[in-house]
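J.: Below is the file work30.cif, with mmCIF, C-alpha atoms and all ligand atoms.
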data_entry
#
loop_
_atom_site.label_atom_id
_atom_site.label_comp_id
_atom_site.auth_asym_id
_atom_site.auth_seq_id
_atom_site.Cartn_x
_atom_site.Cartn_y
_atom_site.Cartn_z
CA MET I 1 11.06 180.66 211.45
CA LEU I 2 13.21 179.81 208.46
CA ALA I 3 16.58 181.50 208.25
CA GLY I 4 16.43 184.30 205.74
CA TRP I 5 12.79 185.07 206.25
CA PHE I 6 11.97 188.58 207.25
CA LEU I 7 8.95 190.43 208.40
CA PRO I 8 7.90 193.18 206.06
CA ASN I 9 7.15 196.67 207.30
CA LYS I 10 4.29 197.01 209.68
CA GLY I 11 0.99 197.06 207.95
CA VAL I 12 1.86 194.81 205.06
CA GLU I 13 -0.76 192.18 204.79
CA PHE I 14 0.54 188.75 203.96
CA MET I 15 -1.01 187.82 200.70
CA GLU I 16 -1.56 184.29 199.61
CA ALA I 17 -0.05 185.18 196.28
CA ILE I 18 3.36 185.72 197.89
CA SER I 19 4.67 182.18 197.79
CA ASP I 20 8.13 182.98 199.13
CA GLN I 21 10.05 185.86 200.64
CA TYR I 22 13.69 186.19 201.60
CA GLN I 23 16.29 188.68 202.55
CA LEU I 24 19.22 188.41 200.11
CA PRO I 25 22.06 187.53 199.76
CA HIS I 26 21.30 184.01 200.92
CA LYS I 27 23.32 180.84 200.47
CA ASP I 28 20.43 178.77 199.10
CA PHE I 29 19.98 181.34 196.35
CA ALA I 30 23.71 181.31 195.59
CA ALA I 31 23.42 177.52 195.23
CA ALA I 32 20.47 177.96 192.85
CA TRP I 33 22.60 180.19 190.61
CA ASP I 34 25.41 177.62 190.52
CA ALA I 35 23.03 174.70 189.98
CA ILE I 36 21.75 176.00 186.65
CA LYS I 37 24.11 175.08 183.84
CA ILE I 38 23.69 177.49 181.00
CA SER I 39 26.08 179.49 178.85
CA PRO I 40 27.95 182.13 180.87
CA GLU I 41 26.84 184.75 178.35
CA VAL I 42 23.22 184.25 179.38
CA LYS I 43 24.06 184.60 183.06
CA ASN I 44 26.22 187.67 182.42
CA ARG I 45 23.55 189.30 180.28
CA LEU I 46 20.93 188.81 182.98
CA VAL I 47 23.11 190.29 185.71
CA ALA I 48 24.27 193.19 183.52
CA GLN I 49 20.74 194.12 182.47
CA SER I 50 19.49 194.02 186.06
CA LEU I 51 22.27 196.28 187.30
CA LEU I 52 21.92 198.66 184.38
CA SER I 53 18.15 198.95 184.90
CA LEU I 54 18.56 199.73 188.58
CA GLN I 55 21.26 202.28 187.91
CA LEU I 56 19.50 204.11 185.09
CA ARG I 57 16.26 204.23 186.98
CA GLN I 58 17.96 205.78 189.99
CA LYS I 59 19.50 208.53 187.87
CA PHE I 60 16.90 209.41 185.24
CA SER I 61 13.17 209.91 185.05
CA PHE I 62 11.11 207.35 183.22
CA GLU I 63 10.28 209.88 180.50
CA VAL I 64 13.95 210.35 179.66
CA MET I 65 15.02 206.75 180.10
CA PRO I 66 12.08 204.39 179.62
CA VAL I 67 13.46 201.45 181.54
CA HIS I 68 10.84 199.29 183.21
CA GLY I 69 13.12 197.10 185.27
CA LEU I 70 11.36 194.04 183.83
CA ILE I 71 13.24 190.97 182.63
CA VAL I 72 11.35 188.05 181.10
CA MET I 73 12.79 184.53 181.04
CA ALA I 74 10.94 182.34 178.57
CA GLY I 75 11.34 178.68 177.67
CA PRO I 76 9.97 175.16 178.00
CA PRO I 77 9.10 173.79 181.47
CA GLY I 78 12.01 172.34 183.43
CA THR I 79 14.70 174.48 181.82
CA GLY I 80 15.63 176.15 185.09
CA LYS I 81 13.89 179.53 184.68
CA THR I 82 12.47 179.83 188.18
CA THR I 83 15.73 178.65 189.75
CA LEU I 84 17.77 180.97 187.53
CA ALA I 85 15.56 183.96 188.39
CA ARG I 86 16.02 183.29 192.11
CA GLY I 87 19.76 182.94 191.63
CA LEU I 88 19.81 186.14 189.60
CA ALA I 89 18.15 188.03 192.44
CA ASN I 90 20.97 186.86 194.68
CA GLU I 91 23.65 187.87 192.18
CA VAL I 92 22.12 191.35 192.00
CA SER I 93 22.14 191.66 195.78
CA ARG I 94 25.79 190.59 195.83
CA ALA I 95 26.69 193.06 193.12
CA LEU I 96 25.06 195.79 195.19
CA GLY I 97 27.79 195.17 197.73
CA GLY I 98 25.84 192.68 199.79
CA SER I 99 23.34 195.36 200.80
CA LYS I 100 20.13 193.79 201.96
CA VAL I 101 17.72 193.18 199.11
CA LYS I 102 14.20 191.91 199.63
CA PHE I 103 13.01 189.12 197.42
CA ILE I 104 9.39 188.19 197.00
CA GLN I 105 8.03 185.51 194.74
CA ILE I 106 4.51 185.79 193.43
CA ASP I 107 2.51 182.78 192.40
CA PRO I 108 -0.09 184.21 190.02
CA HIS I 109 -2.12 181.01 190.23
CA ALA I 110 -2.96 182.04 193.79
CA LEU I 111 -4.33 185.43 192.78
CA GLY I 112 -7.91 184.31 192.94
CA SER I 113 -10.19 183.41 190.11
CA SER I 114 -10.91 185.94 187.44
CA SER I 115 -14.62 185.61 188.13
CA LEU I 116 -16.30 188.61 189.72
CA GLY I 117 -13.21 190.69 189.11
CA LYS I 118 -11.51 189.10 192.11
CA SER I 119 -8.14 188.68 190.48
CA GLN I 120 -8.28 192.24 189.16
CA LYS I 121 -8.66 193.52 192.73
CA GLU I 122 -5.89 191.29 194.01
CA VAL I 123 -3.51 192.19 191.20
CA THR I 124 -4.16 195.89 191.84
CA LYS I 125 -3.54 195.43 195.55
CA LEU I 126 -0.36 193.50 194.84
CA PHE I 127 1.16 196.26 192.71
CA GLN I 128 -0.30 199.30 194.42
CA GLN I 129 0.00 198.27 198.02
CA THR I 130 1.96 195.13 198.79
CA ILE I 131 5.01 195.58 196.55
CA PRO I 132 5.30 199.36 197.27
CA GLU I 133 5.26 198.62 201.00
CA PHE I 134 8.14 196.20 200.59
CA ALA I 135 9.95 198.66 198.31
CA ALA I 136 9.64 201.44 200.87
CA GLY I 137 12.10 199.48 203.00
CA GLY I 138 14.84 199.20 200.35
CA PRO I 139 15.69 197.48 197.05
CA THR I 140 13.12 194.83 196.25
CA ILE I 141 13.14 192.11 193.61
CA VAL I 142 9.83 190.59 192.64
CA LEU I 143 9.60 187.29 190.80
CA LEU I 144 6.38 186.92 188.84
CA ASP I 145 6.51 183.20 188.20
CA GLU I 146 4.55 181.82 185.24
CA VAL I 147 3.40 185.29 184.33
CA GLU I 148 1.14 184.04 181.52
CA THR I 149 -1.42 183.42 184.25
CA LEU I 150 -1.26 187.05 185.37
CA ALA I 151 -1.11 188.74 182.00
CA ALA I 152 -2.76 186.51 179.43
CA ASP I 153 -2.58 187.49 175.81
CA ARG I 154 -6.01 188.78 174.98
CA GLN I 155 -5.69 187.97 171.32
CA ARG I 156 -5.20 184.28 172.05
CA MET I 157 -7.55 183.73 174.93
CA SER I 158 -9.62 180.61 174.95
CA LEU I 159 -13.34 181.13 174.63
CA GLU I 160 -13.99 179.43 177.95
CA ALA I 161 -12.33 182.13 179.99
CA ASN I 162 -14.45 185.18 180.54
CA PRO I 163 -12.67 187.65 178.28
CA ILE I 164 -13.78 190.72 180.23
CA ASP I 165 -12.40 189.36 183.51
CA VAL I 166 -9.10 188.37 181.95
CA HIS I 167 -8.90 191.80 180.30
CA ARG I 168 -9.35 193.45 183.64
CA ALA I 169 -6.73 191.35 185.41
CA THR I 170 -4.22 191.93 182.61
CA ASP I 171 -4.95 195.66 182.59
CA ALA I 172 -4.45 195.76 186.34
CA ALA I 173 -1.07 194.02 185.98
CA LEU I 174 0.06 196.45 183.27
CA ALA I 175 -1.10 199.47 185.24
CA GLY I 176 0.71 198.06 188.26
CA ILE I 177 3.97 197.60 186.36
CA ASP I 178 3.72 201.15 185.00
CA LEU I 179 3.17 202.51 188.48
CA LEU I 180 6.07 200.56 189.95
CA CYS I 181 8.53 201.58 187.29
CA ARG I 182 7.77 205.27 187.77
CA LYS I 183 7.26 205.50 191.49
CA HIS I 184 9.33 202.72 193.00
CA ARG I 185 12.60 202.91 191.23
CA ASN I 186 14.44 200.47 193.46
CA THR I 187 12.34 197.49 192.38
CA LEU I 188 13.16 194.92 189.74
CA LEU I 189 10.62 192.56 188.23
CA PHE I 190 11.69 189.17 186.95
CA ALA I 191 9.02 187.24 185.09
CA THR I 192 9.14 183.66 183.89
CA THR I 193 6.91 181.97 181.37
CA ASN I 194 6.65 178.46 179.99
CA TYR I 195 4.63 179.72 177.07
CA ILE I 196 5.57 183.14 175.76
CA LYS I 197 2.83 183.11 173.14
CA ALA I 198 0.28 183.19 175.94
CA VAL I 199 1.78 186.31 177.55
CA ASP I 200 0.11 189.62 176.81
CA ARG I 201 2.04 191.54 174.17
CA ALA I 202 1.78 194.81 176.04
CA LEU I 203 3.60 193.18 178.95
CA LEU I 204 6.32 191.79 176.68
CA SER I 205 6.82 195.20 175.09
CA ARG I 206 7.61 196.58 178.55
CA ALA I 207 10.44 194.10 179.08
CA ASP I 208 13.98 195.51 179.01
CA LEU I 209 15.25 192.04 178.13
CA ILE I 210 13.52 188.85 177.00
CA GLU I 211 15.89 185.94 177.49
CA ASP I 212 15.01 182.70 175.71
CA ILE I 213 16.05 179.81 177.90
CA GLY I 214 16.12 176.76 175.66
CA LEU I 215 16.78 173.08 176.32
CA PRO I 216 20.32 172.48 177.59
CA ASN I 217 22.91 172.01 174.83
CA ALA I 218 25.57 169.26 174.89
CA GLU I 219 27.93 171.31 177.05
CA ALA I 220 25.22 172.12 179.61
CA ARG I 221 23.99 168.51 179.65
CA LYS I 222 27.53 167.34 180.33
CA GLU I 223 27.78 169.69 183.28
CA ILE I 224 24.39 168.65 184.66
CA ILE I 225 25.24 164.92 184.39
CA ALA I 226 28.67 165.47 185.95
CA ASP I 227 27.03 167.37 188.79
CA VAL I 228 24.56 164.56 189.58
CA LEU I 229 27.26 161.87 189.37
CA LYS I 230 29.53 163.91 191.62
CA GLN I 231 26.82 164.18 194.26
CA LEU I 232 26.03 160.45 194.10
CA ALA I 233 29.73 159.52 194.22
CA MET I 234 29.98 161.19 197.62
CA GLU I 235 27.81 158.35 198.98
CA TRP I 236 28.75 155.59 196.54
CA PRO I 237 32.39 156.07 195.45
CA LYS I 238 32.22 153.66 192.47
CA VAL I 239 29.71 156.01 190.80
CA ASP I 240 32.72 158.18 190.01
CA ALA I 241 33.92 155.65 187.41
CA LEU I 242 30.67 156.12 185.43
CA LYS I 243 32.06 159.45 184.23
CA THR I 244 34.22 157.62 181.67
CA GLN I 245 31.13 157.10 179.47
CA MET I 246 30.10 160.76 179.57
CA ALA I 247 30.01 161.16 175.79
CA ALA I 248 27.42 158.39 175.53
CA TYR I 249 25.17 160.04 178.16
CA VAL I 250 25.45 163.44 176.50
CA HIS I 251 24.52 161.89 173.16
CA ALA I 252 21.62 159.87 174.58
CA SER I 253 20.10 162.83 176.45
CA ASP I 254 19.62 165.20 173.52
CA GLY I 255 16.12 166.71 173.84
CA LEU I 256 15.78 166.48 177.61
CA ASP I 257 15.24 169.56 179.75
CA GLY I 258 17.43 170.03 182.79
CA ARG I 259 14.84 168.77 185.25
CA ARG I 260 14.14 165.57 183.31
CA LEU I 261 17.85 165.03 182.79
CA ARG I 262 18.66 165.21 186.49
CA LYS I 263 15.74 162.89 187.23
CA ALA I 264 16.72 160.38 184.54
CA ILE I 265 20.23 159.93 185.93
CA ILE I 266 18.75 159.31 189.35
CA THR I 267 16.06 157.02 187.94
CA ALA I 268 18.77 154.90 186.30
CA ALA I 269 19.61 153.76 189.81
CA ALA I 270 16.17 152.17 189.98
CA SER I 271 16.99 149.91 187.00
CA SER I 272 17.15 146.96 189.37
CA ILE I 273 16.69 146.26 193.06
CA GLU I 274 20.40 145.57 193.27
CA THR I 275 21.37 149.02 191.92
CA ALA I 276 18.71 150.71 194.02
CA LYS I 277 20.16 149.15 197.15
CA ASP I 278 23.76 149.82 196.22
CA LEU I 279 24.50 152.50 193.64
CA ASN I 280 28.09 151.26 193.45
CA THR I 281 26.72 148.54 191.15
CA LEU I 282 25.17 150.99 188.65
CA ARG I 283 26.44 150.43 185.10
CA PRO I 284 26.82 152.92 182.20
CA GLU I 285 24.42 150.91 179.96
CA GLN I 286 21.69 151.39 182.55
CA ILE I 287 22.17 155.14 182.47
CA VAL I 288 22.13 155.27 178.66
CA LYS I 289 19.01 153.10 178.51
CA THR I 290 17.17 155.29 181.05
CA LEU I 291 18.17 158.47 179.23
CA LYS I 292 16.92 157.12 175.88
CA HIS I 293 13.66 156.11 177.49
CA ALA I 294 13.25 159.59 179.01
CA VAL I 295 13.91 161.24 175.63
CA GLY I 296 11.23 159.03 174.05
CA GLN I 297 8.76 159.97 176.77
CA ALA I 298 9.57 163.67 176.44
CA ALA I 299 9.00 163.49 172.68
CA ALA I 300 5.67 161.71 173.20
CA THR I 301 4.48 164.36 175.70
CA GLU I 302 5.55 167.08 173.30
CA LYS I 303 3.54 165.46 170.50
CA ALA I 304 0.44 165.05 172.65
CA ALA I 305 0.53 168.71 173.75
N1 LIG N 401 20.08 174.21 182.79
C1 LIG N 401 19.96 173.49 183.92
N2 LIG N 401 21.05 173.14 184.62
C2 LIG N 401 20.97 172.42 185.74
N3 LIG N 401 19.83 172.01 186.30
C3 LIG N 401 18.69 172.33 185.67
C4 LIG N 401 18.69 173.10 184.46
N4 LIG N 401 17.41 173.27 184.08
C5 LIG N 401 16.65 172.67 185.01
N5 LIG N 401 17.40 172.09 185.97
C6 LIG N 401 16.92 171.34 187.13
O1 LIG N 401 15.51 171.36 187.13
C7 LIG N 401 15.00 171.93 188.32
C8 LIG N 401 13.73 172.69 188.04
O2 LIG N 401 13.99 173.86 187.33
P1 LIG N 401 12.97 175.09 187.35
O3 LIG N 401 13.76 176.30 187.69
O4 LIG N 401 11.79 174.80 188.19
O5 LIG N 401 12.55 175.12 185.82
P2 LIG N 401 11.40 175.96 185.12
O6 LIG N 401 11.04 177.11 186.01
O7 LIG N 401 12.01 176.40 183.81
O8 LIG N 401 10.27 175.01 184.90
C9 LIG N 401 16.12 172.79 188.84
O9 LIG N 401 16.07 172.97 190.22
C10 LIG N 401 17.34 171.97 188.45
O10 LIG N 401 17.56 170.93 189.35
MG MG N 402 9.18 177.54 186.83
#
Show me, as structure tokens, the structure contained in the file I just sent.
Ligand SMILES: Nc1ncnc2c1ncn2[C@@H]1O[C@H](COP(=O)(O)OP(=O)(O)O)[C@@H](O)[C@H]1O
Ligand SMILES: [Mg+2]

T.:
Amino acid sequence: MLAGWFLPNKGVEFMEAISDQYQLPHKDFAAAWDAIKISPEVKNRLVAQSLLSLQLRQKFSFEVMPVHGLIVMAGPPGTGKTTLARGLANEVSRALGGSKVKFIQIDPHALGSSSLGKSQKEVTKLFQQTIPEFAAGGPTIVLLDEVETLAADRQRMSLEANPIDVHRATDAALAGIDLLCRKHRNTLLFATTNYIKAVDRALLSRADLIEDIGLPNAEARKEIIADVLKQLAMEWPKVDALKTQMAAYVHASDGLDGRRLRKAIITAAASSIETAKDLNTLRPEQIVKTLKHAVGQAAATEKAA
């Protein structure tokens, strides 16, 4: 069994939709928090809102203090939302004095098809049975990853989807969130979305904070590039000297998300068989060229979408 995994209370059925579960704090989650380079204000705001929500919900009734304990992180794919949400869960557990916090990650894509009301039943079970059973054992943080799949905006739905089924699944998710925030006041919900316009408005209106996670700015890109070079230099010491051309890399990478940026620096090492075999031979021009190419590709994908 993986370190950090835990068995939920007796009687909890393992659902396919739970893609990951951990007992926090955990070092991998601490590493996730550090890996995401974003302005410290964003990180602070996320931690502060989480702690405030938990505290207010312990002290006041929902009617007095309508805090749902829901934080939404929205932004383009590859901007670190899922990783940041996992890291945030760890920060919250640390701030609670290292008391054991359960973390479960839900993959809404696995919640069954909306045909025959299957996803409605599964969503209901998730919120009314599975999550409450976890929450009965102590503070629980639930990550609803790519929530647009769970709570699709009914006003924008494509005609191919069966509107009634999607309605039902979205209603079940909203009812579930309402139930959780009233009855299980030691749970926090973090939701991520790549496409906020596709998320049901009623869900967004329940969020205590919607954080827009954009493409990394120059400062963040610099930190990401430095991080990758530092890791590579541990194996190939001459990589360290590539740092001297940092300004050129930061300039050439404008428009890349964090995932593509990390990949592009690594891909630069595949510029030739020589560099692939020995990264000590990698040259700054090769990095700049690869970054420019990646920006061009990203722009083309954006246009085609
Ligand atoms: N701001 C960032 N700083 C550092 N790395 C990033 C950043 N954004 C993305 N990454 C890299 O991309 C990977 C994928 O990020 P992920 O959390 O899956 O993004 P998203 O959920 O927004 O699609 C991360 O593990 C990390 O390596
Ligand atoms: Mg993600």

J.: If you take only C-alpha atoms and all ligand atoms and a cut-off of 7 Å, which residues of chain I touch ligand LIG 401 (chain N), and what are their nearest atom pairs and distances in Å to one decimal, in chain and number order, as a tab-separated table?

T.:
residue	atom	partner	partner_atom	distance
I:Ala35	CA	N:LIG401	C2	5.2
I:Ile36	CA	N:LIG401	N2	3.6
I:Lys37	CA	N:LIG401	N2	3.7
I:Ile38	CA	N:LIG401	N1	5.2
I:Gly75	CA	N:LIG401	O7	6.6
I:Pro76	CA	N:LIG401	O7	6.3
I:Pro77	CA	N:LIG401	O8	3.8
I:Gly78	CA	N:LIG401	O8	3.5
I:Thr79	CA	N:LIG401	N4	3.7
I:Gly80	CA	N:LIG401	O3	3.2
I:Lys81	CA	N:LIG401	O7	3.8
I:Thr82	CA	N:LIG401	O6	3.8
I:Thr83	CA	N:LIG401	O3	3.7
I:Leu84	CA	N:LIG401	O3	6.2
I:Asn194	CA	N:LIG401	O7	6.9
I:Pro216	CA	N:LIG401	N1	5.5
I:Ala220	CA	N:LIG401	N1	6.4
I:Ile224	CA	N:LIG401	C2	5.2
I:Asp257	CA	N:LIG401	N4	6.1
I:Gly258	CA	N:LIG401	N4	3.5
I:Arg259	CA	N:LIG401	O1	3.3
I:Arg262	CA	N:LIG401	C6	6.4

J.: Which value, in Å to one decimal, gives the distance between atom CA of Lys277 of chain I and atom CA of Lys289 of chain I?

T.: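 About the pair atom CA of Lys277 of chain I and atom CA of Lys289 of chain I: they are 19.1 Å apart.
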
J.: For Ala241 of chain I, work out the shell of residues within 12 Å, counting all atoms listed in the file and skipping chain neighbours fewer than 4 positions away, then give it as a PyMOL selection string.

T.: chain I and resi 226+229-230+232-233+236-237+245-246+279-284

J.: Near segment 168-183 of chain I, within 10 Å and counting all atoms listed in the file, which residues show up once chain neighbours fewer than 3 positions away are dropped, as an mmCIF file with C-alpha atoms, keeping the file's coordinate frame?

T.:
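Written file, around23.cif:
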data_model
loop_
_atom_site.group_PDB
_atom_site.id
_atom_site.type_symbol
_atom_site.label_atom_id
_atom_site.label_comp_id
_atom_site.auth_asym_id
_atom_site.auth_seq_id
_atom_site.Cartn_x
_atom_site.Cartn_y
_atom_site.Cartn_z
ATOM 1 C CA ARG I 57 16.260 204.230 186.980
ATOM 2 C CA SER I 61 13.170 209.910 185.050
ATOM 3 C CA PHE I 62 11.110 207.350 183.220
ATOM 4 C CA GLU I 63 10.280 209.880 180.500
ATOM 5 C CA PRO I 66 12.080 204.390 179.620
ATOM 6 C CA VAL I 67 13.460 201.450 181.540
ATOM 7 C CA HIS I 68 10.840 199.290 183.210
ATOM 8 C CA GLY I 69 13.120 197.100 185.270
ATOM 9 C CA LEU I 70 11.360 194.040 183.830
ATOM 10 C CA LEU I 111 -4.330 185.430 192.780
ATOM 11 C CA SER I 113 -10.190 183.410 190.110
ATOM 12 C CA SER I 114 -10.910 185.940 187.440
ATOM 13 C CA GLY I 117 -13.210 190.690 189.110
ATOM 14 C CA LYS I 118 -11.510 189.100 192.110
ATOM 15 C CA SER I 119 -8.140 188.680 190.480
ATOM 16 C CA GLN I 120 -8.280 192.240 189.160
ATOM 17 C CA LYS I 121 -8.660 193.520 192.730
ATOM 18 C CA GLU I 122 -5.890 191.290 194.010
ATOM 19 C CA VAL I 123 -3.510 192.190 191.200
ATOM 20 C CA THR I 124 -4.160 195.890 191.840
ATOM 21 C CA LYS I 125 -3.540 195.430 195.550
ATOM 22 C CA LEU I 126 -0.360 193.500 194.840
ATOM 23 C CA PHE I 127 1.160 196.260 192.710
ATOM 24 C CA GLN I 128 -0.300 199.300 194.420
ATOM 25 C CA GLN I 129 0.000 198.270 198.020
ATOM 26 C CA ILE I 131 5.010 195.580 196.550
ATOM 27 C CA PRO I 132 5.300 199.360 197.270
ATOM 28 C CA ALA I 135 9.950 198.660 198.310
ATOM 29 C CA VAL I 147 3.400 185.290 184.330
ATOM 30 C CA GLU I 148 1.140 184.040 181.520
ATOM 31 C CA THR I 149 -1.420 183.420 184.250
ATOM 32 C CA LEU I 150 -1.260 187.050 185.370
ATOM 33 C CA ALA I 151 -1.110 188.740 182.000
ATOM 34 C CA ALA I 152 -2.760 186.510 179.430
ATOM 35 C CA ASP I 153 -2.580 187.490 175.810
ATOM 36 C CA ARG I 154 -6.010 188.780 174.980
ATOM 37 C CA PRO I 163 -12.670 187.650 178.280
ATOM 38 C CA ILE I 164 -13.780 190.720 180.230
ATOM 39 C CA ASP I 165 -12.400 189.360 183.510
ATOM 40 C CA ASN I 186 14.440 200.470 193.460
ATOM 41 C CA THR I 187 12.340 197.490 192.380
ATOM 42 C CA LEU I 188 13.160 194.920 189.740
ATOM 43 C CA LEU I 189 10.620 192.560 188.230
ATOM 44 C CA VAL I 199 1.780 186.310 177.550
ATOM 45 C CA ASP I 200 0.110 189.620 176.810
ATOM 46 C CA ALA I 202 1.780 194.810 176.040
ATOM 47 C CA LEU I 203 3.600 193.180 178.950
ATOM 48 C CA ARG I 206 7.610 196.580 178.550
#

J.: How would you write as a list in words the residues that get within 12 Å of (23.0, 188.4, 203.2) in the file's frame, counting all atoms listed in the file?

T.: Ala3, Gly4, Trp5, Phe6, Tyr22, Gln23, Leu24, Pro25, His26, Lys27, Asp28, Phe29, Ala30, Ala89, Asn90, Glu91, Val92, Ser93, Arg94, Ala95, Leu96, Gly97, Gly98, Ser99, Lys100, Val101, Lys102 and Phe103 of chain I

J.: Restricting the calculation to only C-alpha atoms: of I:Ile273, I:Thr267, I:Thr290, I:Asp212, which residue gets closest to Val42 of chain I?

T.: I:Asp212

J.: Determine the nearest neighbour of ligand MG 402 (chain N) from the options I:His251, I:Lys43, I:Arg86, I:His167, counting all atoms listed in the file.

T.: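 Selected residue with least distance to ligand MG 402 (chain N): I:Arg86.
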
J.: Return the single residue from I:Leu46, I:Ile141, I:Ala268, I:Ile104 that is closest to Ile287 of chain I, with distances computed using all atoms listed in the file.

T.: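 Smallest distance to Ile287 of chain I is found for I:Ala268.
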
J.: Quick one: of I:Thr275, I:Gln55, I:Thr193, I:Thr301, who's nearest to Glu211 of chain I, counting all atoms listed in the file?

T.: I:Thr193

J.: Which value, in Å to one decimal, gives the distance between atom CA of Asn44 of chain I and atom CA of Ile106 of chain I?

T.: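 Atom-to-atom, atom CA of Asn44 of chain I and atom CA of Ile106 of chain I are spaced 24.4 Å apart.
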
J.: What does the distance between atom CA of Gln21 of chain I and atom CA of Ala74 of chain I come to in Å, to one decimal place?

T.: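 Computing it gives 22.4 Å between the two atoms.
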
J.: With all atoms listed in the file as the atoms that count, which of I:Val142, I:Val166, I:Ala269, I:Ala300 lies nearest to Val228 of chain I?

T.: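 Counting all atoms listed in the file, the residue closest to Val228 of chain I is I:Ala269.
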
J.: Rank I:Ala198, I:Ile213, I:Ala299, I:Ala110 by their smallest atom-to-atom distance to ligand MG 402 (chain N), using all atoms listed in the file, and report the top residue only.

T.: I:Ile213

J.: Skipping near chain neighbours, those fewer than 5 positions away, what residues fall within 8 Å of Val72 of chain I using only C-alpha atoms, listed as a PyMOL selection string?

T.: chain I and resi 190-193+204+207+209-211

J.: Box along x, y and z, 4 Å on every side, all listed atoms of segment 42-55 of chain I inside: centre and edge lengths in Å to one decimal, as lines of an AutoDock Vina configuration file.

T.:
center_x = 22.2
center_y = 193.3
center_z = 184.0
size_x = 16.1
size_y = 26.0
size_z = 17.2

J.: Considering all atoms listed in the file, return as a ChimeraX atom specification whatever protein or nucleic-acid residues lie within 8 Å of Leu291 of chain I, sequence-local ones (same chain, fewer than 3 positions apart) excluded.

T.: /I:249,252-253,261,264-265,268,287-288,294-295
